[in-house]
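S.K.: Take a look at this one; I'll ask things after.
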Amino acid sequence: MPNAVDSLELLKNRLLEIQHLRDAAALLSWDQETYMPAGGGKARANQIALLQTLAHDKFVSSDIENILTQHIDITTGLTNDTTVGLDSASKAFFRETWRDFSRAKKLPSEFVTRLERECSLAQQVWTEARQENDFGKFLPNLQTIIALKHEEVEYLGYTDSPYNTLLDTYEPGATVAQLTPLFATLRKGLVSLLEKIRASPSPPDDSLLHQTYNTDQQLEFGKLVLTKMGYDFTRGRLDLSAHPFTTSFHPTDVRVTTRVFEKDLQSCLFSCIHEGGHGLYDQGLPPAHHGTPLGESLSLGIHESQSRLWENSVGRSRAFWKHFFPLLRERFPTQLKGMTVDTFYSVINAVKPSLIRVEADEVTYNLHIMLRFEIELDVIEKRVEVRDLPELWRTKMKEYLGVVPETEAEGVLQDVHWSFGAFGYFPTYTLGNLYAAMLYQKAKVDIPSLETNIAQGNLILLKDWLNNRIHSHGRKFTSEELIRQTTGQNLSAEPFLQAIRHKMQEIYGLSRQAS
């Protein structure tokens with residue numbers, strides 16, 4: 001029997017080969033979302049499905065199983081006595097690889113092929129259906145994907161709710177039972193705050209954001225901000241896509257996308273900052289561990305904490321705009337003539353319940369997520385029919401936000417996630433907001449000059465802090481462990497609620513008692 005150190009090296013080499021296949025599939029997916037001609041969808045689906053199936057088959061091979069079972073207690077999923085001399089990172093390597101392996105082993109290869117092919121095809125149809133405002137066109141694909149997700153849950157098994165199994169894909173350890181009271185606390189605080197904001201006699205006028213802004217100049221400003229954040233363009237790209245996203249093939253090849261609208265100054269800017277936060281995480285992962293759990297992001301909730309921290313804690317702060325507003329006004333002198341930093345700060349933090357999640361303000365954003373979480377839970381627990389989703393969406397939008405989409409493109413078709421089978425993904429956005437508030441609160445304690453530096457355009461201090469505290473660990477810890485280790489607190493909605501209340505009290509002139 002090889003010792004644990006030799007097994008570790010052998011396993012690392014095997015995993016790297018598998019990662020090369022996954023990276024190739026990811027590159028094809030990125031191309032599909034950015035540059036692929038519309039007619040290439042079916043051929044691309046077969047290409048991606050083949051690569052992902054090959055990666056799956058190599059991963060669940062008997063060779064890898066033999067290596068793992070020598071050093072893992074399969075009843076607990078923890079390392080056994082053969083790893084006594086290893087450090088905690090090496091033990092985590094075995095533990096997390098076993099977690100991935102034991103899950104993947106339950107999925108037949110033919111199922112993986114069907115799922116990957118259907119998801120790739122569905123993304124193409126979703127794009128067309130959204131452009132044509134036609135949910136009926138996407139309905140058959142969505143029904144097929146949901147049937148496949150039910151099949152996936154049957155293979156993997158579940159405890160309490162089938163949704164837990166899908167949620168565990170994106171936020172390991174999270175459950176419906178955990179999220180329900182957490183979200184209820186958050187919802188109560190946000191609804192109360194929103195009521196006070198709506199009653200404010202002097203809301204900010206955000207009409208200036210919807211003047212005509214040259215799209216090329218918007219993109220150039222987005223690139224400037226990304227550069228200041230520390231996003232390395234020698235190891236990254238910025239492109240356009242229908243739905244902004246980030247993908248990574250290696251820490252030296254990380255790609256973010258945005259979208260730009262002539263009549264909406266915020267969309268391109270804040271999606272650049274948001275995706276830039278994701279990009280910094282991927283560029284900050286240790287290259288030496290690429291392809292292994294120690295070279296991967298911990299969870300989508302933690303990943304989302306990085307994008308939301310940069311977008312909201314930094315990008316919507318007064319300190320940030322003390323430096324960047326003069327630079328923005330240089331590019332758009334006519335549109336921003338006479339505007340002050342303080343006024344602009346209020347405008348970009350204006351609260352206005354809206355239809356589109358990615359354009360939502362900080363107060364209402366999480367209500368968009370809770371709506372999706374509840375719909376997904378109903379679908380996976382088979383309480384609603386897929387064909388009824390547009391009407392259910394409209395009902396919940398009215399209940400939660402007081403607005404109703406007039407088109408399906410603004411409603412049930414607005415997000416790409418369901419087209420690629422990402423049921424269980426949406427809750428990680430709210431978890432990311434909560435993690436972000438906790439992390440930024442701690443960063444300000446650890447770096448007393450942080451906001452002074454941000455006001456001077458120096459964002460690298462924060463990037464370096466996040467590199468050291470979050471990015472460099474890969475999947476060494478659980479999300480719960482990492483947050484507690486970094487902040488000294490358990491996950492809570494209170495830091496987020498405190499921060500957003502404080503901001504809105506100032507902008508909307510709310511009394512502390514009223515909020």
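Ligands are numbered from 1 in the order shown, chains are lettered A, B, ... in the order of the structure tokens, and residues start at 1 in each chain.
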I'd like the contact shell of segment 186-197 of chain A - 12 Å cut-off, only C-alpha atoms, skipping same-chain residues fewer than 2 positions apart - returned as a PyMOL selection string.

M.R.: chain A and resi 179-184+199-204+349-353+361-371+399-402+430-431+433-434+492-515

S.K.: Give one line per residue of segment 472-509 of chain A that approaches segment 154-177 of chain A to at most 12 Å, naming the two atoms of the closest pair and their distance in Å to one decimal, counting only C-alpha atoms; sort by chain then ascending residue number and deliver it as JSON lines.

M.R.:
{"residue": "A:Arg475", "atom": "CA", "partner": "A:Pro172", "partner_atom": "CA", "distance": 10.7}
{"residue": "A:Phe477", "atom": "CA", "partner": "A:Pro172", "partner_atom": "CA", "distance": 11.0}
{"residue": "A:Thr478", "atom": "CA", "partner": "A:Pro172", "partner_atom": "CA", "distance": 7.7}
{"residue": "A:Ser479", "atom": "CA", "partner": "A:Pro172", "partner_atom": "CA", "distance": 8.0}
{"residue": "A:Glu480", "atom": "CA", "partner": "A:Gly173", "partner_atom": "CA", "distance": 9.0}
{"residue": "A:Glu481", "atom": "CA", "partner": "A:Gly173", "partner_atom": "CA", "distance": 11.5}
{"residue": "A:Leu491", "atom": "CA", "partner": "A:Ala174", "partner_atom": "CA", "distance": 11.6}

S.K.: Here is a test: counting only C-alpha atoms, which residue of A:Ile67, A:Leu86, A:Ile470, A:Leu459 is nearest to Lys12 of chain A?

M.R.: A:Ile67

S.K.: Find the spatial neighbours of Arg237 of chain A, counting only C-alpha atoms, within a cut-off of 12 Å - ignore same-chain residues fewer than 2 positions away - and output them as a PyMOL selection string.

M.R.: chain A and resi 30+34+223+226-227+231-235+239-240+245-248+252-258+272+275-276+279-280+283

S.K.: Would you pick out the contacts of segment 4-11 of chain A at 8 Å or less, using only C-alpha atoms, so that residues sharing its chain but fewer than 3 positions from it are not included, and give the list as an MDAnalysis selection string?

M.R.: chainID A and resid 14:15 64 67 71 82:83 86 90 94

S.K.: Using the selection just defined, write its residues with N, CA and C atoms as a compact mmCIF listing (two decimals), in the first residue's frame.

M.R.:
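The resulting file, result-v5.txt, is shown below:
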# COMPACT_ATOMS: atom_id res chain seq x y z
N ARG A 14 -3.80 12.66 -11.22
CA ARG A 14 -5.01 12.14 -11.86
C ARG A 14 -6.09 13.24 -11.94
N LEU A 15 -6.25 13.98 -10.87
CA LEU A 15 -7.27 15.03 -10.83
C LEU A 15 -6.96 16.15 -11.83
N ILE A 64 -9.02 5.72 -8.98
CA ILE A 64 -9.18 6.80 -8.00
C ILE A 64 -9.88 6.28 -6.75
N ILE A 67 -7.33 4.55 -4.53
CA ILE A 67 -6.46 5.49 -3.82
C ILE A 67 -7.19 6.07 -2.61
N HIS A 71 -7.24 5.68 2.35
CA HIS A 71 -6.95 6.74 3.32
C HIS A 71 -8.21 7.42 3.89
N THR A 82 -3.99 6.29 8.36
CA THR A 82 -2.86 6.35 7.42
C THR A 82 -2.42 7.78 7.15
N THR A 83 -3.26 8.76 7.52
CA THR A 83 -2.93 10.16 7.23
C THR A 83 -2.47 10.93 8.47
N LEU A 86 0.02 13.77 8.11
CA LEU A 86 -0.25 14.84 7.14
C LEU A 86 -0.76 16.10 7.82
N SER A 90 -3.64 18.74 3.64
CA SER A 90 -3.56 17.46 2.93
C SER A 90 -4.72 16.55 3.30
N PHE A 94 -7.85 14.93 0.75
CA PHE A 94 -8.47 13.60 0.69
C PHE A 94 -9.97 13.67 0.99

S.K.: Apply DSSP to the structure's backbone, then extract all residues of segment 101-253 of chain A labelled helix (DSSP H, G or I) and return them as a count of residues only.

M.R.: 101

S.K.: For segment 54-59 of chain A, list every protein, DNA or RNA residue within 12 Å, evaluated using only C-alpha atoms, and leave out those in the same chain fewer than 2 positions away; present the list as a PyMOL selection string.

M.R.: chain A and resi 11-26+47-52+61-68+97-98+100-113+116+291-292

S.K.: Counting only C-alpha atoms, which of A:Ser241, A:Asn467, A:Gln441, A:Gln414 gets nearest to Gly488 of chain A?

M.R.: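 Answer, going by the shortest atom-to-atom distance: A:Gln441.
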
S.K.: Would you kindly return, as a VMD selection string, each protein, DNA or RNA residue with an atom no farther than 12 Å from any atom of segment 471-474 of chain A, considering only C-alpha atoms and excluding same-chain residues fewer than 6 positions away?

M.R.: chain A and resid 88 to 90 92 to 93 96 251 277 to 299 302 to 303 305 to 306 463 to 465 481 to 482 485 to 486

S.K.: Please produce an output containing C-alpha atoms for each residue in the selection, written as an mmCIF file, in the first residue's frame.

M.R.:
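The new file out-v8.cif reads:
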data_model
loop_
_atom_site.group_PDB
_atom_site.id
_atom_site.type_symbol
_atom_site.label_atom_id
_atom_site.label_comp_id
_atom_site.auth_asym_id
_atom_site.auth_seq_id
_atom_site.Cartn_x
_atom_site.Cartn_y
_atom_site.Cartn_z
ATOM 1 C CA SER A 88 -4.679 19.720 7.813
ATOM 2 C CA ALA A 89 -4.611 20.896 4.181
ATOM 3 C CA SER A 90 -3.561 17.458 2.926
ATOM 4 C CA ALA A 92 -8.784 18.212 3.527
ATOM 5 C CA PHE A 93 -7.524 17.240 0.069
ATOM 6 C CA GLU A 96 -13.061 16.817 -0.172
ATOM 7 C CA PRO A 251 -5.946 31.136 -12.110
ATOM 8 C CA GLY A 277 -15.153 40.171 -7.377
ATOM 9 C CA HIS A 278 -15.717 36.658 -8.707
ATOM 10 C CA GLY A 279 -12.716 37.058 -10.993
ATOM 11 C CA LEU A 280 -10.406 38.127 -8.159
ATOM 12 C CA TYR A 281 -11.390 35.011 -6.222
ATOM 13 C CA ASP A 282 -10.552 32.761 -9.179
ATOM 14 C CA GLN A 283 -7.294 34.589 -9.901
ATOM 15 C CA GLY A 284 -6.434 34.341 -6.191
ATOM 16 C CA LEU A 285 -6.750 30.554 -5.974
ATOM 17 C CA PRO A 286 -3.381 28.773 -5.579
ATOM 18 C CA PRO A 287 -2.180 27.640 -9.062
ATOM 19 C CA ALA A 288 -0.112 24.816 -7.555
ATOM 20 C CA HIS A 289 -3.340 23.107 -6.467
ATOM 21 C CA HIS A 290 -5.308 23.626 -9.679
ATOM 22 C CA GLY A 291 -7.605 20.697 -10.379
ATOM 23 C CA THR A 292 -7.800 19.688 -6.723
ATOM 24 C CA PRO A 293 -10.112 20.784 -3.901
ATOM 25 C CA LEU A 294 -7.347 22.991 -2.494
ATOM 26 C CA GLY A 295 -7.356 24.941 -5.754
ATOM 27 C CA GLU A 296 -11.137 25.405 -5.952
ATOM 28 C CA SER A 297 -13.520 27.964 -4.483
ATOM 29 C CA LEU A 298 -15.115 26.839 -1.243
ATOM 30 C CA SER A 299 -18.768 27.283 -2.170
ATOM 31 C CA ILE A 302 -18.513 32.242 -0.389
ATOM 32 C CA HIS A 303 -17.865 33.015 -4.068
ATOM 33 C CA SER A 305 -19.668 37.012 -0.954
ATOM 34 C CA GLN A 306 -16.688 38.238 -2.943
ATOM 35 C CA LYS A 463 -7.830 42.511 -2.409
ATOM 36 C CA ASP A 464 -4.739 41.312 -0.530
ATOM 37 C CA TRP A 465 -6.751 40.805 2.677
ATOM 38 C CA GLU A 481 -15.554 27.169 9.605
ATOM 39 C CA LEU A 482 -14.089 29.808 7.300
ATOM 40 C CA GLN A 485 -12.353 31.632 11.686
ATOM 41 C CA THR A 486 -12.230 34.898 9.742
#

S.K.: With distances taken over only C-alpha atoms, which of A:Arg130, A:Thr79, A:Met229, A:Val153 is nearest to Asn458 of chain A?

M.R.: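 For Asn458 of chain A, the nearest of the given residues is A:Met229.
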
S.K.: Taking only C-alpha atoms into account, name the residue in A:Val386, A:Leu392, A:Leu461, A:Cys268 that is nearest to Gln143 of chain A.

M.R.: A:Val386
